[in-house]
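Chemist: So that we are looking at the same thing, I have put the structure below in structure tokens.
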Amino acid sequence: MRKERKKRSNTERYFLRMIMLLSLFLMVVLGLFVYAQLRIKKAAEEERLYTAHYVYIGKSAGSYTSNMIYKEARSYGKRRGIYVENLKSNPNVNYSDAEYVKMAAAMHVDGIIVEATDIAEMRESINEAVNEGIPTITMLSDCPGCRRRSFIELGNYNIGREYGRIIINLARTKTPTVTVLMDEESGDSNQELLSGIRETLENEGNHLTVNIRIEAVDGSKNFRVTDKAREILSDKQHPDFLVCANGHDTELVYQAIRDYNLSGSSAVIGTGFSESLLIAVRDGDIAALVDANTEQAGMLAVQLLQGFHETGSIADRVIIEDTVIDKDNVGRYLTNE
Amino acid sequence: MSNKIVFRRQIIYIFLLTFIPLLLVNLYIFNNMRAVIESVDSAYDGNRNLVEMRTDLDKAHTALREYLNTRDENTLNKFYVNLDAFKLYIEEPEETVEENISELSVRNRALNNLASSYVQSSNMAALAKKSNDIDRYMTYAKEAENRYSYLTTYLSEVNNRMFYMNSDSYKKLSGMARVIEALYTAILLIMGAIGILIVLLLTKKLTDPLKNLADTAKEVGEGNLDVRLVETDELNEIGILNGAFNRMVTSLKDYIEKFRASVEKESALREESIRMETVVKDAELKYLQAQINPHFLFNTLNAGAQLAMMENADRTYTYIHRTADFFRSRIKNAEGSATIEDELKVVDDYIYIINVRYSGSIHYTKEIDEKYLSVHLPSMILQPIVENCVKHGLRDVEWEKKIEITVTGEEDSIVVSIRDNGRGMKQSVIDHIMSGQPISASEGEIDRESGVGMDNVIARMRNFFNTEDVIEITSVGEDMGTEVALFIPKV
């Protein structure tokens, strides 16, 4: 009887071993299945989920600064579940910025960030959007008189201060000459800029005797700017520094330098980051560029809109820091490009 | 475990053990692959939807433009029909704002809002036109035109973005499908390999005892019954078969042992029978040989007796005459049986001849119960025994030689006793003679002259009376003589 039980247990043990072996392999197979499932799940999870939709309307599709601010805003928004869309991503569509704001209003988005212009159509569009309950903030350039919730500005005074510091650093003589090229239409902002330059030169560059000359041109007519730039730079008595008050002028001056081969004349200082200007800095055609801290600008825009949705209040104006790009650090920005 | 159809159940277990996991894995893989393929297939559903949406939008807006220009009722109806078709694509806005939705959903929501605003403006424009409200008509027509433009722009944007994302998803899904396909192929291969391994191992485990049994059976078939019996711990039919086989081999071995013993015994009997036949034939042959000499001697002796009578030599005549009688009686009684009287006459003649030869040295006495004289016994029985007494028992004896024959009756047999007072006989020689075997030459027990030995006498007596107890040889000790007693059964 015992022998029979032993025999039985031997046979059963053999089957048991087989089943254990099978179980082991099944566990391996199950592991592979779980791995496959995780792969599928991971692929599904790669899609981000959002709770809000903001749009960014930059000044021009090719603007490096605008693109960088948008990228930062998008990246920051993504981390917080906010989808930031660049409405001007399609270069084939020729809507005005104001029309883009209208479009955004019709889309019933949760917020609009616009590099505004001081024109009536823009004012109307912004007002329409705000009336629809869409908080709208202007970025870097404002549209005075509109009902925008907030304005993120670099501050022309700050830019002027930065220009002043650049002049002090780059001056080779104790009596450097500076020509400031500005749009004759931008009265207040020009004054802020000049104040910034002057005060900095007085406070931080009191060892220098700087002669500042203002050249106001009609910025809406490009050839005027180009001609003025050629005139200044080709003059034997060209200034040591040519300061451009806005990005548009900077681009035109650079175009004149290239067109008339005026490189090596005055040290050109400008604003507005674009690919061509960054290349000009790299090549030494432009000495330095001053523009907004795009990282801070993009992040702040999203933060302001988010804060408005959460608390219902928002600062009317917010001044952001600037960034200086010269030959030493231009490589980093070109790589980013 | 039941004893019934266990082997079949084990085979079924093996099948199920390998087939069921493989089946489950296949079903699972099939299901998953179908899901993946469906995902890949539906990757561009959104784009198709948007294109259809755009088509209906264009139709509606074209009809609107036409109506605003012509104010034709049919065109208005056409506008409403197409607008209704377009509205089917507009999803109702969700109540919950704080929901987590994907990028495409975010854009779709914006698209829906744009579409709704277009529907609103276009409806208003159509209504204003219908009611001939020029100011409102102009405003709404412009708004509708703008919103149509925004909508188509954004629709293209969303469509492009969706296409890009779907392409990306499609790429990812295709890549994943390939990875999963490879993974599942690996899983199937592993499962298949495991299945084969298990089937091999279990089949080996199940069939090894069968193979062992077959090998052992083959050995048994070749005649080797000393095989090592099949050991098994199987409790299935193979185990039962092994047990039955083991018992069969044991039984076969016993049976063959018995059969061999039986054959040996039969062979021994046949050998004995052949030996007996040989003894009889030998006796007959020797008897025939013996007949030749008596005939010749008889004729010769008759001639000698007639010569002695003519010469008046009476003693010589008597001697030759009795010698002739002796040989005559031997010829006469050479076959079949003779009475005790005849046998005694032969012995008388023989003793007379011997005494003439050896100058009457043997003292011969008889004590006969005459009523038994007519009793039959094989012929030529007594004379050889007396001849043995003379030749062996009384040879070189220095005392008076005596031979005594008595014929007496006992309860169920007649006893013929021949006794001498000679050298006697060793018990071993007596035993040997009684066993019926011929005495070797060295033992000097064969009667070379007469050609008939004791073995012949014993064999004929036993055959004649068909019993073993017909003769007894007794010798008390050395020089104490020998007695040969014949027991003739009374009828």
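Convention: chains lettered A, B, ... in structure tokens order; per-chain residue numbering from 1; ligands numbered from 1 as shown.
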Do you know which residues are at most 6 Å from Glu184 in chain A counting only C-alpha atoms, after dropping those on the same chain fewer than 6 positions away, and could you put them as a list of chain:residue names?
Modeler: A:Ala216, A:Val217, A:Asp218
Chemist: For chain A, list the residues within 6 Å of chain B, counting only C-alpha atoms, and write the list as a ChimeraX atom specification.
Modeler: /A:7,48-51,103,106-107
Chemist: Output N, CA and C atoms for every residue in that selection, as an mmCIF file, in the first residue's frame.
Modeler:
```cif
data_model
loop_
_atom_site.group_PDB
_atom_site.id
_atom_site.type_symbol
_atom_site.label_atom_id
_atom_site.label_comp_id
_atom_site.auth_asym_id
_atom_site.auth_seq_id
_atom_site.Cartn_x
_atom_site.Cartn_y
_atom_site.Cartn_z
ATOM 1 N N LYS A 7 4.680 5.112 -5.390
ATOM 2 C CA LYS A 7 4.671 5.121 -6.855
ATOM 3 C C LYS A 7 3.810 6.252 -7.367
ATOM 4 N N ARG A 48 -0.033 64.589 -24.289
ATOM 5 C CA ARG A 48 -0.287 65.483 -23.143
ATOM 6 C C ARG A 48 -1.755 65.880 -23.080
ATOM 7 N N LEU A 49 -2.223 66.128 -21.866
ATOM 8 C CA LEU A 49 -3.605 66.574 -21.713
ATOM 9 C C LEU A 49 -3.618 68.009 -21.191
ATOM 10 N N TYR A 50 -4.611 68.768 -21.643
ATOM 11 C CA TYR A 50 -4.670 70.194 -21.317
ATOM 12 C C TYR A 50 -6.026 70.572 -20.720
ATOM 13 N N THR A 51 -5.965 71.687 -19.964
ATOM 14 C CA THR A 51 -7.213 72.201 -19.392
ATOM 15 C C THR A 51 -7.562 73.587 -19.966
ATOM 16 N N MET A 103 -9.998 86.388 -34.744
ATOM 17 C CA MET A 103 -10.122 84.928 -34.960
ATOM 18 C C MET A 103 -10.059 84.186 -33.619
ATOM 19 N N ALA A 106 -13.223 84.567 -31.837
ATOM 20 C CA ALA A 106 -14.242 83.662 -32.365
ATOM 21 C C ALA A 106 -14.012 82.221 -31.944
ATOM 22 N N MET A 107 -12.794 81.900 -31.685
ATOM 23 C CA MET A 107 -12.431 80.535 -31.244
ATOM 24 C C MET A 107 -12.774 80.306 -29.765
#
```
Chemist: Set the distance at 9 Å and use only C-alpha atoms: which residues neighbour Asp396 in chain B once local chain neighbours fewer than 3 positions away are removed? I'd like the list as a list in words.
Modeler: His392, Gly393, Gly422 and Arg423 of chain B
Chemist: Can I get the selection written as a PDB file, in the first residue's frame, with C-alpha atoms?
Modeler:
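Final file, result31.pdb:
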```pdb
ATOM      1  CA  HIS B 392      33.569 -68.836  -8.209  1.00  0.00           C
ATOM      2  CA  GLY B 393      32.257 -70.047  -4.856  1.00  0.00           C
ATOM      3  CA  GLY B 422      32.585 -71.733  -0.741  1.00  0.00           C
ATOM      4  CA  ARG B 423      34.255 -68.383  -0.552  1.00  0.00           C
TER       5      ARG B 423
END
```
Chemist: Got a sec: who's within 12 Å of Gln191 in chain A, counting only C-alpha atoms, leaving out chain neighbours fewer than 3 positions off, as a list of chain:residue names?
Modeler: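 Surrounding residues, per the criterion: A:Gly155, A:Asn156, A:Tyr157, A:Asn158, A:Ile159, A:Gly160, A:Val180, A:Met182, A:Asp183, A:Glu184, A:Glu185, A:Ser186, A:Gly187, A:Asp188, A:Leu194, A:Ser195, A:Gly196, A:Ile197, A:Arg198, A:Glu199, A:Ile214, A:Ala216, A:Ala245.
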Chemist: List the spatial neighbours of Glu99 in chain A as number ranges by chain - criterion: any atom at most 12 Å away, only C-alpha atoms, same-chain residues fewer than 2 positions off excluded.
Modeler: A: 57, 87-88, 93-97, 101-106, 114, 116, 120-126, 128-129; B: 143, 146-147, 149-150, 153
Chemist: Near Leu233 in chain A, within 6 Å and counting only C-alpha atoms, which residues show up once chain neighbours fewer than 4 positions away are dropped, as a VMD selection string?
Modeler: chain A and resid 229 238 265
